[in-house]
>>> print(open('my_file_2.txt').read())   # compact mmCIF, N, CA and C atoms
# COMPACT_ATOMS: atom_id res chain seq x y z
N MET K 1 0.85 -1.17 0.00
CA MET K 1 0.00 0.00 0.00
C MET K 1 0.90 1.23 0.00
N THR K 2 0.51 2.19 -0.78
CA THR K 2 1.29 3.42 -0.85
C THR K 2 1.07 4.23 0.43
N PRO K 3 1.95 5.18 0.71
CA PRO K 3 1.81 5.98 1.93
C PRO K 3 0.46 6.68 2.07
N ASN K 4 -0.19 7.03 0.97
CA ASN K 4 -1.48 7.71 1.06
C ASN K 4 -2.66 6.73 1.11
N GLY K 5 -2.37 5.43 1.31
CA GLY K 5 -3.43 4.44 1.48
C GLY K 5 -4.02 3.90 0.20
N VAL K 6 -3.40 4.17 -0.93
CA VAL K 6 -3.91 3.69 -2.21
C VAL K 6 -3.28 2.33 -2.50
N LEU K 7 -4.12 1.36 -2.85
CA LEU K 7 -3.65 0.02 -3.18
C LEU K 7 -3.21 -0.06 -4.63
N THR K 8 -2.23 -0.89 -4.90
CA THR K 8 -1.92 -1.24 -6.28
C THR K 8 -2.96 -2.28 -6.73
N VAL K 9 -3.05 -2.49 -8.01
CA VAL K 9 -3.96 -3.51 -8.53
C VAL K 9 -3.59 -4.87 -7.94
N SER K 10 -2.30 -5.19 -7.92
CA SER K 10 -1.84 -6.47 -7.36
C SER K 10 -2.23 -6.63 -5.90
N GLU K 11 -2.05 -5.58 -5.11
CA GLU K 11 -2.41 -5.64 -3.69
C GLU K 11 -3.91 -5.85 -3.51
N LEU K 12 -4.70 -5.15 -4.29
CA LEU K 12 -6.15 -5.30 -4.21
C LEU K 12 -6.58 -6.73 -4.53
N LEU K 13 -6.10 -7.25 -5.66
CA LEU K 13 -6.49 -8.59 -6.07
C LEU K 13 -5.99 -9.65 -5.10
N ARG K 14 -4.80 -9.49 -4.56
CA ARG K 14 -4.29 -10.44 -3.57
C ARG K 14 -5.18 -10.45 -2.33
N SER K 15 -5.60 -9.28 -1.90
CA SER K 15 -6.48 -9.17 -0.74
C SER K 15 -7.84 -9.81 -1.00
N VAL K 16 -8.40 -9.57 -2.17
CA VAL K 16 -9.69 -10.17 -2.53
C VAL K 16 -9.55 -11.69 -2.61
N ARG K 17 -8.48 -12.17 -3.25
CA ARG K 17 -8.25 -13.62 -3.33
C ARG K 17 -8.16 -14.24 -1.94
N ASP K 18 -7.39 -13.63 -1.07
CA ASP K 18 -7.25 -14.16 0.29
C ASP K 18 -8.59 -14.21 1.01
N ALA K 19 -9.40 -13.15 0.87
CA ALA K 19 -10.71 -13.12 1.52
C ALA K 19 -11.63 -14.21 0.97
N LEU K 20 -11.64 -14.40 -0.35
CA LEU K 20 -12.46 -15.46 -0.96
C LEU K 20 -12.05 -16.84 -0.46
N GLU K 21 -10.75 -17.08 -0.44
CA GLU K 21 -10.27 -18.40 -0.06
C GLU K 21 -10.53 -18.70 1.42
N ARG K 22 -10.51 -17.67 2.25
CA ARG K 22 -10.85 -17.88 3.67
C ARG K 22 -12.34 -18.10 3.86
N ARG K 23 -13.15 -17.38 3.12
CA ARG K 23 -14.61 -17.43 3.28
C ARG K 23 -15.23 -18.70 2.72
N PHE K 24 -14.64 -19.24 1.64
CA PHE K 24 -15.19 -20.41 0.96
C PHE K 24 -14.18 -21.54 0.92
N PRO K 25 -14.19 -22.41 1.93
CA PRO K 25 -13.30 -23.58 1.89
C PRO K 25 -13.78 -24.55 0.81
N LEU K 26 -13.11 -25.66 0.67
CA LEU K 26 -13.47 -26.68 -0.31
C LEU K 26 -14.97 -26.96 -0.22
N LEU K 27 -15.67 -26.90 -1.36
CA LEU K 27 -17.12 -27.07 -1.36
C LEU K 27 -17.59 -27.76 -2.62
N TRP K 28 -18.86 -28.22 -2.60
CA TRP K 28 -19.48 -28.84 -3.76
C TRP K 28 -20.32 -27.80 -4.48
N VAL K 29 -20.25 -27.81 -5.82
CA VAL K 29 -21.05 -26.93 -6.65
C VAL K 29 -21.63 -27.77 -7.79
N ARG K 30 -22.92 -27.57 -8.08
CA ARG K 30 -23.60 -28.32 -9.12
C ARG K 30 -23.87 -27.42 -10.33
N GLY K 31 -23.72 -27.97 -11.52
CA GLY K 31 -24.03 -27.22 -12.73
C GLY K 31 -23.80 -28.03 -13.98
N GLU K 32 -23.88 -27.34 -15.11
CA GLU K 32 -23.70 -27.95 -16.43
C GLU K 32 -22.34 -27.55 -16.99
N LEU K 33 -21.62 -28.52 -17.55
CA LEU K 33 -20.34 -28.24 -18.19
C LEU K 33 -20.54 -27.59 -19.55
N SER K 34 -19.71 -26.59 -19.84
CA SER K 34 -19.69 -26.03 -21.20
C SER K 34 -18.29 -25.50 -21.48
N ASN K 35 -18.01 -25.30 -22.76
CA ASN K 35 -16.71 -24.77 -23.21
C ASN K 35 -15.53 -25.59 -22.70
N LEU K 36 -15.71 -26.88 -22.62
CA LEU K 36 -14.68 -27.78 -22.09
C LEU K 36 -13.50 -27.85 -23.07
N SER K 37 -12.29 -27.65 -22.54
CA SER K 37 -11.08 -27.80 -23.36
C SER K 37 -9.97 -28.40 -22.53
N ARG K 38 -9.05 -29.06 -23.23
CA ARG K 38 -7.88 -29.64 -22.58
C ARG K 38 -6.65 -28.94 -23.15
N ALA K 39 -5.87 -28.34 -22.26
CA ALA K 39 -4.64 -27.65 -22.68
C ALA K 39 -3.54 -28.68 -22.95
N PRO K 40 -2.51 -28.30 -23.70
CA PRO K 40 -1.38 -29.21 -23.93
C PRO K 40 -0.75 -29.71 -22.62
N SER K 41 -0.87 -28.92 -21.56
CA SER K 41 -0.35 -29.29 -20.25
C SER K 41 -1.15 -30.43 -19.61
N GLY K 42 -2.35 -30.69 -20.13
CA GLY K 42 -3.23 -31.70 -19.54
C GLY K 42 -4.28 -31.10 -18.63
N HIS K 43 -4.16 -29.81 -18.32
CA HIS K 43 -5.17 -29.15 -17.51
C HIS K 43 -6.46 -29.03 -18.33
N ARG K 44 -7.59 -29.05 -17.62
CA ARG K 44 -8.88 -28.86 -18.29
C ARG K 44 -9.46 -27.53 -17.85
N TYR K 45 -9.99 -26.82 -18.82
CA TYR K 45 -10.64 -25.54 -18.57
C TYR K 45 -12.08 -25.66 -19.05
N PHE K 46 -13.01 -25.12 -18.27
CA PHE K 46 -14.41 -25.20 -18.64
C PHE K 46 -15.22 -24.17 -17.87
N THR K 47 -16.46 -24.04 -18.28
CA THR K 47 -17.41 -23.19 -17.59
C THR K 47 -18.42 -24.09 -16.91
N LEU K 48 -18.77 -23.77 -15.68
CA LEU K 48 -19.84 -24.45 -14.97
C LEU K 48 -20.99 -23.46 -14.88
N LYS K 49 -22.18 -23.87 -15.33
CA LYS K 49 -23.28 -22.91 -15.40
C LYS K 49 -24.59 -23.52 -14.95
N ASP K 50 -25.52 -22.62 -14.64
CA ASP K 50 -26.91 -22.99 -14.42
C ASP K 50 -27.76 -21.94 -15.14
N ASP K 51 -29.05 -21.91 -14.86
CA ASP K 51 -29.92 -20.98 -15.57
C ASP K 51 -29.62 -19.51 -15.28
N GLY K 52 -28.98 -19.23 -14.14
CA GLY K 52 -28.80 -17.85 -13.75
C GLY K 52 -27.39 -17.31 -13.74
N ALA K 53 -26.38 -18.18 -13.86
CA ALA K 53 -25.00 -17.70 -13.72
C ALA K 53 -24.03 -18.72 -14.29
N GLN K 54 -22.77 -18.30 -14.40
CA GLN K 54 -21.70 -19.20 -14.83
C GLN K 54 -20.40 -18.79 -14.16
N VAL K 55 -19.48 -19.76 -14.06
CA VAL K 55 -18.18 -19.49 -13.46
C VAL K 55 -17.12 -20.27 -14.23
N ASP K 56 -15.97 -19.64 -14.44
CA ASP K 56 -14.83 -20.30 -15.07
C ASP K 56 -14.23 -21.30 -14.09
N CYS K 57 -13.74 -22.41 -14.63
CA CYS K 57 -13.14 -23.46 -13.80
C CYS K 57 -11.86 -23.97 -14.43
N VAL K 58 -10.96 -24.43 -13.57
CA VAL K 58 -9.76 -25.13 -14.01
C VAL K 58 -9.65 -26.41 -13.20
N MET K 59 -9.27 -27.48 -13.88
CA MET K 59 -8.98 -28.76 -13.22
C MET K 59 -7.58 -29.15 -13.66
N PHE K 60 -6.65 -29.16 -12.73
CA PHE K 60 -5.26 -29.42 -13.08
C PHE K 60 -5.05 -30.88 -13.50
N ARG K 61 -4.02 -31.11 -14.28
CA ARG K 61 -3.75 -32.39 -14.92
C ARG K 61 -3.88 -33.58 -13.98
N SER K 62 -3.26 -33.51 -12.81
CA SER K 62 -3.28 -34.67 -11.90
C SER K 62 -4.69 -35.01 -11.46
N ARG K 63 -5.53 -34.01 -11.24
CA ARG K 63 -6.92 -34.25 -10.85
C ARG K 63 -7.74 -34.76 -12.03
N ALA K 64 -7.51 -34.18 -13.21
CA ALA K 64 -8.24 -34.62 -14.40
C ALA K 64 -7.90 -36.07 -14.74
N ALA K 65 -6.64 -36.46 -14.54
CA ALA K 65 -6.20 -37.83 -14.84
C ALA K 65 -6.87 -38.84 -13.91
N ALA K 66 -7.32 -38.40 -12.74
CA ALA K 66 -7.95 -39.31 -11.78
C ALA K 66 -9.40 -39.63 -12.14
N LEU K 67 -9.98 -38.89 -13.07
CA LEU K 67 -11.36 -39.18 -13.47
C LEU K 67 -11.42 -40.51 -14.21
N ASP K 68 -12.45 -41.30 -13.92
CA ASP K 68 -12.60 -42.57 -14.63
C ASP K 68 -13.74 -42.50 -15.64
N TRP K 69 -14.03 -41.29 -16.09
CA TRP K 69 -15.02 -41.05 -17.13
C TRP K 69 -14.61 -39.79 -17.89
N GLU K 70 -15.16 -39.59 -19.06
CA GLU K 70 -14.76 -38.47 -19.91
C GLU K 70 -15.83 -37.37 -19.86
N PRO K 71 -15.52 -36.22 -19.22
CA PRO K 71 -16.48 -35.13 -19.18
C PRO K 71 -16.79 -34.61 -20.59
N ARG K 72 -18.04 -34.21 -20.80
CA ARG K 72 -18.50 -33.69 -22.09
C ARG K 72 -19.32 -32.43 -21.87
N ASP K 73 -19.27 -31.53 -22.83
CA ASP K 73 -20.13 -30.35 -22.79
C ASP K 73 -21.58 -30.80 -22.63
N GLY K 74 -22.32 -30.10 -21.79
CA GLY K 74 -23.72 -30.41 -21.56
C GLY K 74 -23.96 -31.35 -20.39
N ALA K 75 -22.90 -32.00 -19.89
CA ALA K 75 -23.05 -32.93 -18.77
C ALA K 75 -23.43 -32.17 -17.50
N GLN K 76 -24.35 -32.74 -16.73
CA GLN K 76 -24.69 -32.20 -15.41
C GLN K 76 -23.73 -32.85 -14.41
N VAL K 77 -23.06 -32.02 -13.63
CA VAL K 77 -22.02 -32.52 -12.73
C VAL K 77 -22.10 -31.84 -11.37
N GLU K 78 -21.42 -32.43 -10.42
CA GLU K 78 -21.10 -31.78 -9.15
C GLU K 78 -19.58 -31.76 -9.09
N VAL K 79 -19.03 -30.60 -8.74
CA VAL K 79 -17.59 -30.48 -8.62
C VAL K 79 -17.23 -30.15 -7.18
N ARG K 80 -16.13 -30.70 -6.73
CA ARG K 80 -15.55 -30.37 -5.43
C ARG K 80 -14.47 -29.36 -5.75
N ALA K 81 -14.61 -28.13 -5.23
CA ALA K 81 -13.75 -27.06 -5.72
C ALA K 81 -13.38 -26.06 -4.65
N LEU K 82 -12.30 -25.36 -4.94
CA LEU K 82 -11.85 -24.23 -4.14
C LEU K 82 -12.17 -22.95 -4.92
N VAL K 83 -12.72 -21.98 -4.24
CA VAL K 83 -12.99 -20.67 -4.84
C VAL K 83 -11.71 -19.86 -4.79
N THR K 84 -11.37 -19.23 -5.90
CA THR K 84 -10.17 -18.41 -5.92
C THR K 84 -10.30 -17.29 -6.94
N LEU K 85 -9.31 -16.45 -6.97
CA LEU K 85 -9.22 -15.36 -7.93
C LEU K 85 -7.88 -15.51 -8.61
N TYR K 86 -7.89 -15.64 -9.93
CA TYR K 86 -6.66 -15.75 -10.70
C TYR K 86 -6.12 -14.34 -10.89
N GLU K 87 -5.15 -13.98 -10.07
CA GLU K 87 -4.66 -12.60 -10.01
C GLU K 87 -4.14 -12.03 -11.33
N PRO K 88 -3.35 -12.77 -12.12
CA PRO K 88 -2.82 -12.15 -13.33
C PRO K 88 -3.89 -11.59 -14.28
N ARG K 89 -5.09 -12.17 -14.22
CA ARG K 89 -6.16 -11.69 -15.10
C ARG K 89 -7.33 -11.09 -14.32
N GLY K 90 -7.27 -11.13 -13.01
CA GLY K 90 -8.35 -10.58 -12.21
C GLY K 90 -9.65 -11.34 -12.37
N ARG K 91 -9.57 -12.67 -12.53
CA ARG K 91 -10.75 -13.48 -12.81
C ARG K 91 -11.08 -14.42 -11.67
N PHE K 92 -12.33 -14.36 -11.26
CA PHE K 92 -12.89 -15.28 -10.28
C PHE K 92 -13.00 -16.65 -10.95
N GLN K 93 -12.61 -17.70 -10.24
CA GLN K 93 -12.72 -19.04 -10.81
C GLN K 93 -12.79 -20.09 -9.71
N LEU K 94 -13.15 -21.30 -10.12
CA LEU K 94 -13.11 -22.46 -9.25
C LEU K 94 -11.94 -23.33 -9.67
N THR K 95 -11.16 -23.78 -8.70
CA THR K 95 -10.12 -24.77 -8.93
C THR K 95 -10.72 -26.11 -8.53
N VAL K 96 -10.99 -26.96 -9.50
CA VAL K 96 -11.73 -28.19 -9.29
C VAL K 96 -10.80 -29.31 -8.85
N GLU K 97 -11.14 -29.91 -7.71
CA GLU K 97 -10.37 -31.01 -7.15
C GLU K 97 -10.96 -32.37 -7.53
N GLY K 98 -12.24 -32.41 -7.83
CA GLY K 98 -12.91 -33.65 -8.21
C GLY K 98 -14.21 -33.34 -8.92
N MET K 99 -14.70 -34.30 -9.70
CA MET K 99 -15.92 -34.09 -10.46
C MET K 99 -16.71 -35.38 -10.50
N ALA K 100 -18.02 -35.26 -10.35
CA ALA K 100 -18.92 -36.41 -10.40
C ALA K 100 -20.04 -36.12 -11.38
N ALA K 101 -20.30 -37.08 -12.26
CA ALA K 101 -21.40 -36.95 -13.23
C ALA K 101 -22.72 -37.22 -12.52
N LEU K 102 -23.73 -36.44 -12.86
CA LEU K 102 -25.06 -36.64 -12.30
C LEU K 102 -25.92 -37.42 -13.28
N PRO K 103 -26.71 -38.37 -12.77
CA PRO K 103 -27.69 -39.02 -13.64
C PRO K 103 -28.80 -38.02 -13.94
N ALA K 104 -29.64 -38.32 -14.87
CA ALA K 104 -30.73 -37.42 -15.24
C ALA K 104 -31.63 -37.10 -14.06
N TRP K 105 -31.69 -37.98 -13.06
CA TRP K 105 -32.64 -37.81 -11.95
C TRP K 105 -32.04 -37.24 -10.69
N GLY K 106 -30.73 -36.93 -10.61
CA GLY K 106 -30.27 -36.33 -9.36
C GLY K 106 -28.83 -36.49 -8.98
N ARG K 107 -28.58 -37.03 -7.78
CA ARG K 107 -27.26 -37.05 -7.17
C ARG K 107 -26.22 -37.79 -8.01
N PHE K 108 -24.95 -37.55 -7.64
CA PHE K 108 -23.84 -38.11 -8.41
C PHE K 108 -23.82 -39.62 -8.40
N THR K 109 -23.19 -40.16 -9.46
CA THR K 109 -23.09 -41.61 -9.61
C THR K 109 -21.65 -42.09 -9.57
N ASN K 110 -20.71 -41.22 -9.88
CA ASN K 110 -19.34 -41.70 -10.06
C ASN K 110 -18.38 -40.59 -9.65
N ALA K 111 -17.84 -40.65 -8.45
CA ALA K 111 -16.99 -39.57 -7.96
C ALA K 111 -15.53 -39.96 -8.04
N SER K 112 -14.73 -39.01 -8.45
CA SER K 112 -13.27 -39.14 -8.38
C SER K 112 -12.77 -37.97 -7.57
N CYS K 113 -13.06 -38.00 -6.30
CA CYS K 113 -12.79 -36.86 -5.42
C CYS K 113 -12.04 -37.31 -4.19
N ALA K 114 -11.13 -36.47 -3.74
CA ALA K 114 -10.38 -36.79 -2.53
C ALA K 114 -11.19 -36.39 -1.31
>>> encode(input="my_file_2.txt", output="structure tokens")
Amino acid sequence: MTPNGVLTVSELLRSVRDALERRFPLLWVRGELSNLSRAPSGHRYFTLKDDGAQVDCVMFRSRAAALDWEPRDGAQVEVRALVTLYEPRGRFQLTVEGMAALPAWGRFTNASCA
């Protein structure tokens, strides 16, 4: 923080990220997968959405490799995730630790979650 109390962009985003991560520990979130892609690194990037909102998500290679099914756009899922803010771009996102596919009628059927 500067002497006159003005935050830099980095300081502001770091503070917001810290507050989000303290307020929202590992949690389950339900939604529909869309914009699913796999980076050359093996990480998966996707959007999790419902009728009223959407959130960007990342699932790192080691977690994605633990899935015993292939996620597809349009799939209804529950994800076990950490809420965070990706500081370099100032973007709110979920870091997904596990994902379970939902049957058409409700709760998950196949979890690969720690």
>>> atom_distance(input="my_file_2.txt", atom1="atom N of Leu67 (chain K)", atom2="atom C of Thr84 (chain K)")
22.5 Å
>>> closest_residue(input="my_file_2.txt", among="K:Gly98, K:Pro40, K:Gly31, K:Gly52", to="Val77 (chain K)", atoms="all atoms listed in the file")
K:Gly31
>>> atom_distance(input="my_file_2.txt", atom1="CA of Glu78 (chain K)", atom2="CA of Leu102 (chain K)")
7.0 Å
>>> closest_residue(input="my_file_2.txt", among="K:Ala101, K:Val55, K:Val79, K:Ala65", to="Arg30 (chain K)", atoms="only N, CA and C atoms")
K:Val79
>>> closest_atom_pairs(input="my_file_2.txt", of="region 37-103 of chain K", to="region 1-16 of chain K", cutoff="7 Å", atoms="all atoms listed in the file", output="CSV")
residue,atom,partner,partner_atom,distance
K:Leu85,N,K:Val16,C,6.5
K:Glu87,CA,K:Leu13,C,5.9
K:Gly90,CA,K:Leu13,CA,6.7
>>> atom_distance(input="my_file_2.txt", atom1="atom C of Ser41 (chain K)", atom2="CA of Arg23 (chain K)")
29.6 Å
>>> closest_residue(input="my_file_2.txt", among="K:Lys49, K:Leu26, K:Val58, K:Asp68", to="Arg80 (chain K)", atoms="only N, CA and C atoms")
K:Leu26
>>> residues_around(input="my_file_2.txt", residues="Gly74 (chain K)", least_positions_apart="3", cutoff="8 Å", atoms="all atoms listed in the file", output="PyMOL selection string")
chain K and resi 31-36+71+77
>>> select_by_dssp(input="my_file_2.txt", residues="chain K", states="strand (DSSP E or B)", output="number ranges by chain")
K: 27-38, 44-49, 54-59, 76-86, 91-101, 110-111
>>> residues_around(input="my_file_2.txt", residues="Thr95 (chain K)", least_positions_apart="4", cutoff="7 Å", atoms="only N, CA and C atoms", output="MDAnalysis selection string")
chainID K and resid 56:60 80:84
>>> axis_aligned_box(input="my_file_2.txt", around="region 52-71 of chain K", padding_each_side="8 Å", output="lines of an AutoDock Vina configuration file")
center_x = -16.1
center_y = -29.9
center_z = -15.7
size_x = 41.7
size_y = 41.3
size_z = 25.7
>>> select_by_dssp(input="my_file_2.txt", residues="region 50-91 of chain K", states="alpha helix (DSSP H)", output="VMD selection string")
chain K and resid 61 to 65
